[in-house]
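Chemist: What follows is a structure written as structure tokens; I'll ask about it next.
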Amino acid sequence: RTELLDAPAENSFTWHGTGYRSVTTLWADRTAQLLRRRRVWTADDGSPPREQHSAWRLLFPQELRYFLTVHGFTVLELHDGPGPRTEPRWTEGDEPGRTADADRLHVVARRN
């Protein structure tokens with residue numbers, strides 16, 4: 001799945017009368033298993049652009065299941081939605097998803 005990686009995302013907002021704009025580029029560093037982010041912020045007040053760099057460790061679902069199991073947990077659920085930052089959002093009574101291939105992974109585990 002590459003829809004988040006295919007093109008930079010742009011966002012803008014105004015705060016205290018100043019307009020701000022961000023351009024975010026994401027790419028997968030497969031060798032390091034990291035999702036990397038570069039975000040450039042600009043403001044209409046003449047200040048210089050600011051760059052932000054972030055990285056998140058990518059875990060495959062079965063890799064996460066393995067780590068939890070060897071550390072004394074039983075995985076009860078492992079699915080990609082619905083959840084608090086997914087579309088559609090979770091509402092009480094919704095059944096958990098049946099797949100684990102979206103951009104969010106939800107894990108329910110119990111300590112043995």
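Going by the structure tokens order, chains are called A, B, ..., each with residues numbered from 1, while ligands are numbered from 1 in the order shown.
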Compile the contact shell of region 13-21 of chain A as a list in words: residues with an atom at most 12 Å away, counting only C-alpha atoms, same-chain residues fewer than 4 positions apart removed.
Modeler: Ala9, Arg39, Val40, Trp41, Thr42, Ala43, Asp44, Asp45, Gly46, Ser47, Pro48, Pro49, Arg50 and Glu51 of chain A
Chemist: Please provide the set of residues having any atom within 9 Å of Ala28 (chain A), restricted to only C-alpha atoms, with same-chain residues fewer than 3 positions apart removed, written as a list of chain:residue names.
Modeler: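 In the requested form, the answer reads A:Leu5, A:Thr31, A:Ala32, A:Gln33, A:Leu34, A:Leu35, A:Arg36, A:Arg37, A:Leu58.
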Chemist: Could you tell me which of A:Gly81, A:Arg111, A:Ala7, A:Ser54 comes closest to Arg98 (chain A) if we count only C-alpha atoms?
Modeler: A:Gly81
Chemist: I need the residue nearest Arg110 (chain A) from this list: A:Pro96, A:His79, A:His71, A:Trp90. Use only C-alpha atoms for the distance.
Modeler: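 With only C-alpha atoms as the atom set, the closest residue is A:His71.
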Chemist: Among chain A, which ones does DSSP assign to helix (DSSP H, G or I) (computed from the backbone)? Answer as an mmCIF file with N, CA and C atoms, in the first residue's frame.
Modeler:
data_model
loop_
_atom_site.group_PDB
_atom_site.id
_atom_site.type_symbol
_atom_site.label_atom_id
_atom_site.label_comp_id
_atom_site.auth_asym_id
_atom_site.auth_seq_id
_atom_site.Cartn_x
_atom_site.Cartn_y
_atom_site.Cartn_z
ATOM 1 N N PRO A 61 2.692 -7.413 11.165
ATOM 2 C CA PRO A 61 1.765 -7.981 12.151
ATOM 3 C C PRO A 61 2.289 -9.244 12.822
ATOM 4 N N GLN A 62 2.836 -10.179 12.073
ATOM 5 C CA GLN A 62 3.307 -11.423 12.686
ATOM 6 C C GLN A 62 4.582 -11.210 13.500
ATOM 7 N N GLU A 63 5.375 -10.212 13.138
ATOM 8 C CA GLU A 63 6.556 -9.852 13.925
ATOM 9 C C GLU A 63 6.123 -9.316 15.297
ATOM 10 N N LEU A 64 5.109 -8.486 15.300
ATOM 11 C CA LEU A 64 4.584 -7.951 16.551
ATOM 12 C C LEU A 64 3.986 -9.073 17.403
ATOM 13 N N ARG A 65 3.240 -9.965 16.768
ATOM 14 C CA ARG A 65 2.685 -11.117 17.484
ATOM 15 C C ARG A 65 3.808 -11.945 18.127
ATOM 16 N N TYR A 66 4.892 -12.177 17.390
ATOM 17 C CA TYR A 66 6.023 -12.939 17.908
ATOM 18 C C TYR A 66 6.628 -12.254 19.136
ATOM 19 N N PHE A 67 6.929 -10.953 19.031
ATOM 20 C CA PHE A 67 7.530 -10.232 20.154
ATOM 21 C C PHE A 67 6.645 -10.286 21.399
ATOM 22 N N LEU A 68 5.354 -10.112 21.224
ATOM 23 C CA LEU A 68 4.447 -10.171 22.371
ATOM 24 C C LEU A 68 4.416 -11.578 22.980
ATOM 25 N N THR A 69 4.354 -12.588 22.130
ATOM 26 C CA THR A 69 4.275 -13.970 22.612
ATOM 27 C C THR A 69 5.530 -14.367 23.394
ATOM 28 N N VAL A 70 6.715 -14.051 22.882
ATOM 29 C CA VAL A 70 7.942 -14.450 23.586
ATOM 30 C C VAL A 70 8.141 -13.660 24.881
#
Chemist: Report, in Å to a single decimal, how far apart CA of Glu3 (chain A) and CA of Thr25 (chain A) are.
Modeler: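 CA of Glu3 (chain A) lies at a distance of 11.8 Å from CA of Thr25 (chain A).
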Chemist: Just asking: which residues within chain A are strand (DSSP E or B) according to DSSP, as a PyMOL selection string?
Modeler: chain A and resi 9-15+18-29+34-43+50-57+73-79+106-111
Chemist: Check the smallest atom-to-atom distance from each of A:Ala55, A:Ala102, A:Val107, A:Val23 to Leu76 (chain A) using only C-alpha atoms, then report the winner.
Modeler: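 Smallest separation from Leu76 (chain A) among the options: A:Val107.
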